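Here's the structure, in structure tokens; my notes come after.
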Amino acid sequence: MSESNGGELTALQAALAAEHAAVYGYGVVGGRIGAGRRTEAQSGYDAHRVRRDALVREVRGLGAEPVAASAAYALPFPVADAAAAVRLAAELEERVAGVYSDLVRAAGDQRRREAAGALREAAVRAVRWRGGSVAFPGLAERAGTDAATSGVSVTPTA
């Protein structure tokens with residue numbers, strides 16, 4: 001595998017890890033979200049499952065072993081009610097958008113188009129959850145935040 005393909009594989013694995021975390025996170029969101037937004041939460045959950053499964057196939061297609069989901073993830077804050085669930089969903093989407101932004105930079109041709117589409121979808125879901133947008137979705141430095149300190153990620157606990 002060439003160095004450029006290695007960077008693409010690394011970005012694919014990062015996107016897969018983010019999708020695993022999003023699927024987990026949406027499970028938490030679904031348990032706390034109000035009835036009025038339950039359909040939206042189910043839609044987000046389903047979209048991330050589809051993306052996750054597609055990424056598993058892509059990584060395998062490159063001859064690599066897909067990164068596995070963790071058994072559990074540490075949430076960036078307690079999710080005790082519907083308002084926190086909405087906030088978590090928005091943060092999950094922003095995190096996923098950021099990872100797909102990296103994949104857009106690393107990938108070429110069709111995979112770049114697919115990653116750009118995934119970034120757009122995550123950014124749109126984030127806007128719907130948050131009720132507002134940022135100028136450059138997926139780019140923490142453009143949004144005026146630092147991804148390393150924003151508490152956006154859902155991290156594996158084991």
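Residues in the structure tokens are named by chain (A, B, ... in the order shown) and by number from 1 within that chain; ligands are numbered from 1 in the order shown.
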Mind running stretch 74-133 of chain A against stretch 6-9 of chain A at 9 Å and telling me each contacting residue's nearest atom pair with the distance in Å (one decimal), counting only C-alpha atoms, chain and number ascending, as JSON lines?
{"residue": "A:Leu103", "atom": "CA", "partner": "A:Glu8", "partner_atom": "CA", "distance": 6.8}
{"residue": "A:Arg105", "atom": "CA", "partner": "A:Glu8", "partner_atom": "CA", "distance": 8.7}
{"residue": "A:Ala106", "atom": "CA", "partner": "A:Glu8", "partner_atom": "CA", "distance": 5.0}
{"residue": "A:Ala107", "atom": "CA", "partner": "A:Glu8", "partner_atom": "CA", "distance": 5.4}
{"residue": "A:Gly108", "atom": "CA", "partner": "A:Glu8", "partner_atom": "CA", "distance": 8.4}
One decimal, in Å: what's the spacing between atom CA of A:Val127 and atom CA of A:Val23?
18.5 Å
Can you pull out the residues contacting A:Asp81? Cut-off 10 Å, using only C-alpha atoms, and skip same-chain residues under 4 positions away; I want them as a ChimeraX atom specification.
/A:29,31-34,85-86
Chain A: residues DSSP assigns to alpha helix (DSSP H), reported as a PyMOL selection string
chain A and resi 3-32+38-61+82-106+109-130+140-143
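For chain A, the set of residues given strand (DSSP E) by DSSP on the backbone reads Tyr73, Ala74, Thr155 and Pro156 of chain A.
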Would you export the selected residues with N, CA and C atoms as an mmCIF file, in the first residue's frame, please?
data_model
loop_
_atom_site.group_PDB
_atom_site.id
_atom_site.type_symbol
_atom_site.label_atom_id
_atom_site.label_comp_id
_atom_site.auth_asym_id
_atom_site.auth_seq_id
_atom_site.Cartn_x
_atom_site.Cartn_y
_atom_site.Cartn_z
ATOM 1 N N TYR A 73 -18.380 3.695 25.854
ATOM 2 C CA TYR A 73 -17.721 4.972 25.594
ATOM 3 C C TYR A 73 -18.023 5.933 26.725
ATOM 4 N N ALA A 74 -17.051 6.767 27.062
ATOM 5 C CA ALA A 74 -17.264 7.816 28.065
ATOM 6 C C ALA A 74 -17.902 9.010 27.361
ATOM 7 N N THR A 155 -15.378 8.974 23.816
ATOM 8 C CA THR A 155 -14.185 8.155 23.811
ATOM 9 C C THR A 155 -14.439 6.784 24.410
ATOM 10 N N PRO A 156 -13.726 5.767 23.886
ATOM 11 C CA PRO A 156 -13.878 4.422 24.440
ATOM 12 C C PRO A 156 -13.464 4.406 25.904
#
So, with only C-alpha atoms as the atoms that count, which of A:Ala69, A:Val124, A:Val99, A:Ala82 lies closest to A:Gly36?
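Selected residue with least distance to A:Gly36: A:Ala82.
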Applying 10 Å and only C-alpha atoms, which residues near A:Trp129 remain after dropping the ones on its own chain fewer than 3 positions away? List them as a short mmCIF file (atom, residue, chain, number, x, y, z; two decimals) with all heavy atoms, in the first residue's frame.
data_model
loop_
_atom_site.label_atom_id
_atom_site.label_comp_id
_atom_site.auth_asym_id
_atom_site.auth_seq_id
_atom_site.Cartn_x
_atom_site.Cartn_y
_atom_site.Cartn_z
N ARG A 37 -38.84 14.42 19.30
CA ARG A 37 -37.63 14.32 18.46
C ARG A 37 -37.15 12.87 18.33
O ARG A 37 -36.06 12.62 17.83
CB ARG A 37 -36.53 15.20 19.03
CG ARG A 37 -36.98 16.69 18.97
CD ARG A 37 -35.89 17.63 19.18
NE ARG A 37 -35.17 17.88 17.93
CZ ARG A 37 -34.17 18.74 17.83
NH1 ARG A 37 -33.76 19.41 18.89
NH2 ARG A 37 -33.55 18.93 16.69
N GLU A 40 -36.33 11.81 14.75
CA GLU A 40 -35.07 12.41 14.32
C GLU A 40 -33.88 11.64 14.89
O GLU A 40 -32.89 11.41 14.20
CB GLU A 40 -35.04 13.87 14.78
CG GLU A 40 -33.91 14.68 14.25
CD GLU A 40 -34.01 16.15 14.69
OE1 GLU A 40 -34.97 16.53 15.37
OE2 GLU A 40 -33.09 16.89 14.33
N ALA A 41 -33.99 11.24 16.15
CA ALA A 41 -32.92 10.46 16.77
C ALA A 41 -32.78 9.10 16.09
O ALA A 41 -31.67 8.64 15.82
CB ALA A 41 -33.18 10.29 18.27
N ALA A 85 -29.66 15.25 25.90
CA ALA A 85 -29.65 14.33 24.76
C ALA A 85 -29.54 15.09 23.45
O ALA A 85 -28.80 14.68 22.54
CB ALA A 85 -30.91 13.45 24.77
N VAL A 86 -30.24 16.20 23.32
CA VAL A 86 -30.16 17.03 22.12
C VAL A 86 -28.74 17.58 21.98
O VAL A 86 -28.16 17.55 20.89
CB VAL A 86 -31.20 18.18 22.17
CG1 VAL A 86 -30.92 19.23 21.11
CG2 VAL A 86 -32.61 17.61 22.02
N ARG A 87 -28.17 18.04 23.08
CA ARG A 87 -26.80 18.57 23.04
C ARG A 87 -25.81 17.48 22.64
O ARG A 87 -24.90 17.72 21.85
CB ARG A 87 -26.45 19.15 24.41
CG ARG A 87 -25.36 20.19 24.34
CD ARG A 87 -25.24 20.97 25.65
NE ARG A 87 -24.26 20.32 26.50
CZ ARG A 87 -24.44 19.98 27.76
NH1 ARG A 87 -25.57 20.24 28.38
NH2 ARG A 87 -23.49 19.41 28.45
N LEU A 88 -25.99 16.27 23.17
CA LEU A 88 -25.10 15.16 22.81
C LEU A 88 -25.23 14.84 21.33
O LEU A 88 -24.22 14.64 20.64
CB LEU A 88 -25.40 13.92 23.65
CG LEU A 88 -24.57 12.68 23.28
CD1 LEU A 88 -23.07 12.94 23.45
CD2 LEU A 88 -25.02 11.48 24.11
N ALA A 89 -26.44 14.78 20.81
CA ALA A 89 -26.63 14.48 19.38
C ALA A 89 -25.91 15.51 18.52
O ALA A 89 -25.23 15.15 17.55
CB ALA A 89 -28.12 14.44 19.05
N ALA A 90 -26.02 16.78 18.86
CA ALA A 90 -25.33 17.83 18.09
C ALA A 90 -23.83 17.64 18.16
O ALA A 90 -23.13 17.77 17.14
CB ALA A 90 -25.73 19.21 18.62
N GLU A 91 -23.31 17.33 19.33
CA GLU A 91 -21.87 17.15 19.46
C GLU A 91 -21.38 15.91 18.73
O GLU A 91 -20.30 15.92 18.14
CB GLU A 91 -21.48 17.11 20.94
CG GLU A 91 -21.68 18.48 21.57
CD GLU A 91 -20.92 18.67 22.86
OE1 GLU A 91 -19.94 17.94 23.11
OE2 GLU A 91 -21.30 19.58 23.61
N GLU A 93 -22.65 14.73 15.99
CA GLU A 93 -22.64 15.09 14.58
C GLU A 93 -21.45 15.99 14.24
O GLU A 93 -20.83 15.83 13.19
CB GLU A 93 -23.96 15.73 14.17
CG GLU A 93 -25.16 14.83 14.28
CD GLU A 93 -25.11 13.58 13.40
OE1 GLU A 93 -24.24 13.46 12.51
OE2 GLU A 93 -25.98 12.71 13.61
N ALA A 123 -23.22 17.60 9.11
CA ALA A 123 -23.35 19.03 9.38
C ALA A 123 -24.82 19.46 9.40
O ALA A 123 -25.24 20.25 10.26
CB ALA A 123 -22.57 19.84 8.34
N VAL A 124 -25.61 18.92 8.50
CA VAL A 124 -27.04 19.25 8.46
C VAL A 124 -27.73 18.72 9.71
O VAL A 124 -28.54 19.42 10.34
CB VAL A 124 -27.70 18.70 7.17
CG1 VAL A 124 -29.22 18.75 7.25
CG2 VAL A 124 -27.20 19.46 5.95
N ARG A 125 -27.40 17.49 10.11
CA ARG A 125 -28.00 16.96 11.34
C ARG A 125 -27.58 17.80 12.55
O ARG A 125 -28.39 18.07 13.43
CB ARG A 125 -27.64 15.48 11.54
CG ARG A 125 -28.46 14.54 10.68
CD ARG A 125 -28.27 13.08 11.07
NE ARG A 125 -26.90 12.64 10.92
CZ ARG A 125 -26.40 12.08 9.82
NH1 ARG A 125 -27.16 11.90 8.76
NH2 ARG A 125 -25.14 11.70 9.77
N ALA A 126 -26.31 18.22 12.60
CA ALA A 126 -25.85 19.05 13.71
C ALA A 126 -26.63 20.36 13.78
O ALA A 126 -27.02 20.80 14.87
CB ALA A 126 -24.35 19.34 13.58
N GLY A 132 -28.61 25.93 14.94
CA GLY A 132 -27.76 26.94 14.32
C GLY A 132 -26.59 26.26 13.65
O GLY A 132 -26.37 25.06 13.81
N SER A 133 -25.83 27.02 12.88
CA SER A 133 -24.73 26.41 12.15
C SER A 133 -23.42 27.15 12.39
O SER A 133 -23.40 28.20 13.02
CB SER A 133 -25.04 26.41 10.65
OG SER A 133 -25.10 27.74 10.17
#
Just how far from atom CA of A:Val59 is atom CA of A:Ala71, in Å to one decimal?
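Separating atom CA of A:Ala71 from atom CA of A:Val59 is a distance of 20.5 Å.
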A:Ala116, A:Leu12, A:Val104, A:Ala18: which is nearest A:Gly61, counting only C-alpha atoms?
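Ranking A:Ala116, A:Leu12, A:Val104, A:Ala18 by distance to A:Gly61, first place goes to A:Leu12.
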Closest to A:Gln110 among A:Glu58, A:Ala68, A:Pro76, A:Arg128, using only C-alpha atoms?
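Smallest distance to A:Gln110 is found for A:Glu58.
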In terms of the shortest atom-to-atom distance over only C-alpha atoms, which of A:Ala14, A:Ala83, A:Leu55, A:Ala97 is closest to A:Gly117?
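Once distances to A:Gly117 are computed over only C-alpha atoms, the minimum belongs to A:Ala97.
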What is the distance, in Å and to one decimal place, between atom CA of A:Leu16 and atom CA of A:Pro66?
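Between these atoms lies a distance of 7.7 Å.
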Taking into account only C-alpha atoms, which residue in the set A:Ala35, A:Tyr45, A:Tyr100, A:Ala84 is nearest to A:Ala17?
A:Tyr100
For A:Arg51, please output as a list in words all residues within 10 Å (counting only C-alpha atoms; exclusion window: fewer than 3 positions along the same chain).
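The residues that qualify are Ala15, Leu16, Glu19, His20, Val23, Asp46, Ala47, His48, Ala54, Leu55, Val56, Arg57 and Ala118 of chain A.
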Pick out the closest residue to A:Ala22 from this set: A:Ala80, A:Ala72, A:Leu62, A:Leu92. Count only C-alpha atoms.
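Closest to A:Ala22, using only C-alpha atoms: A:Leu92.
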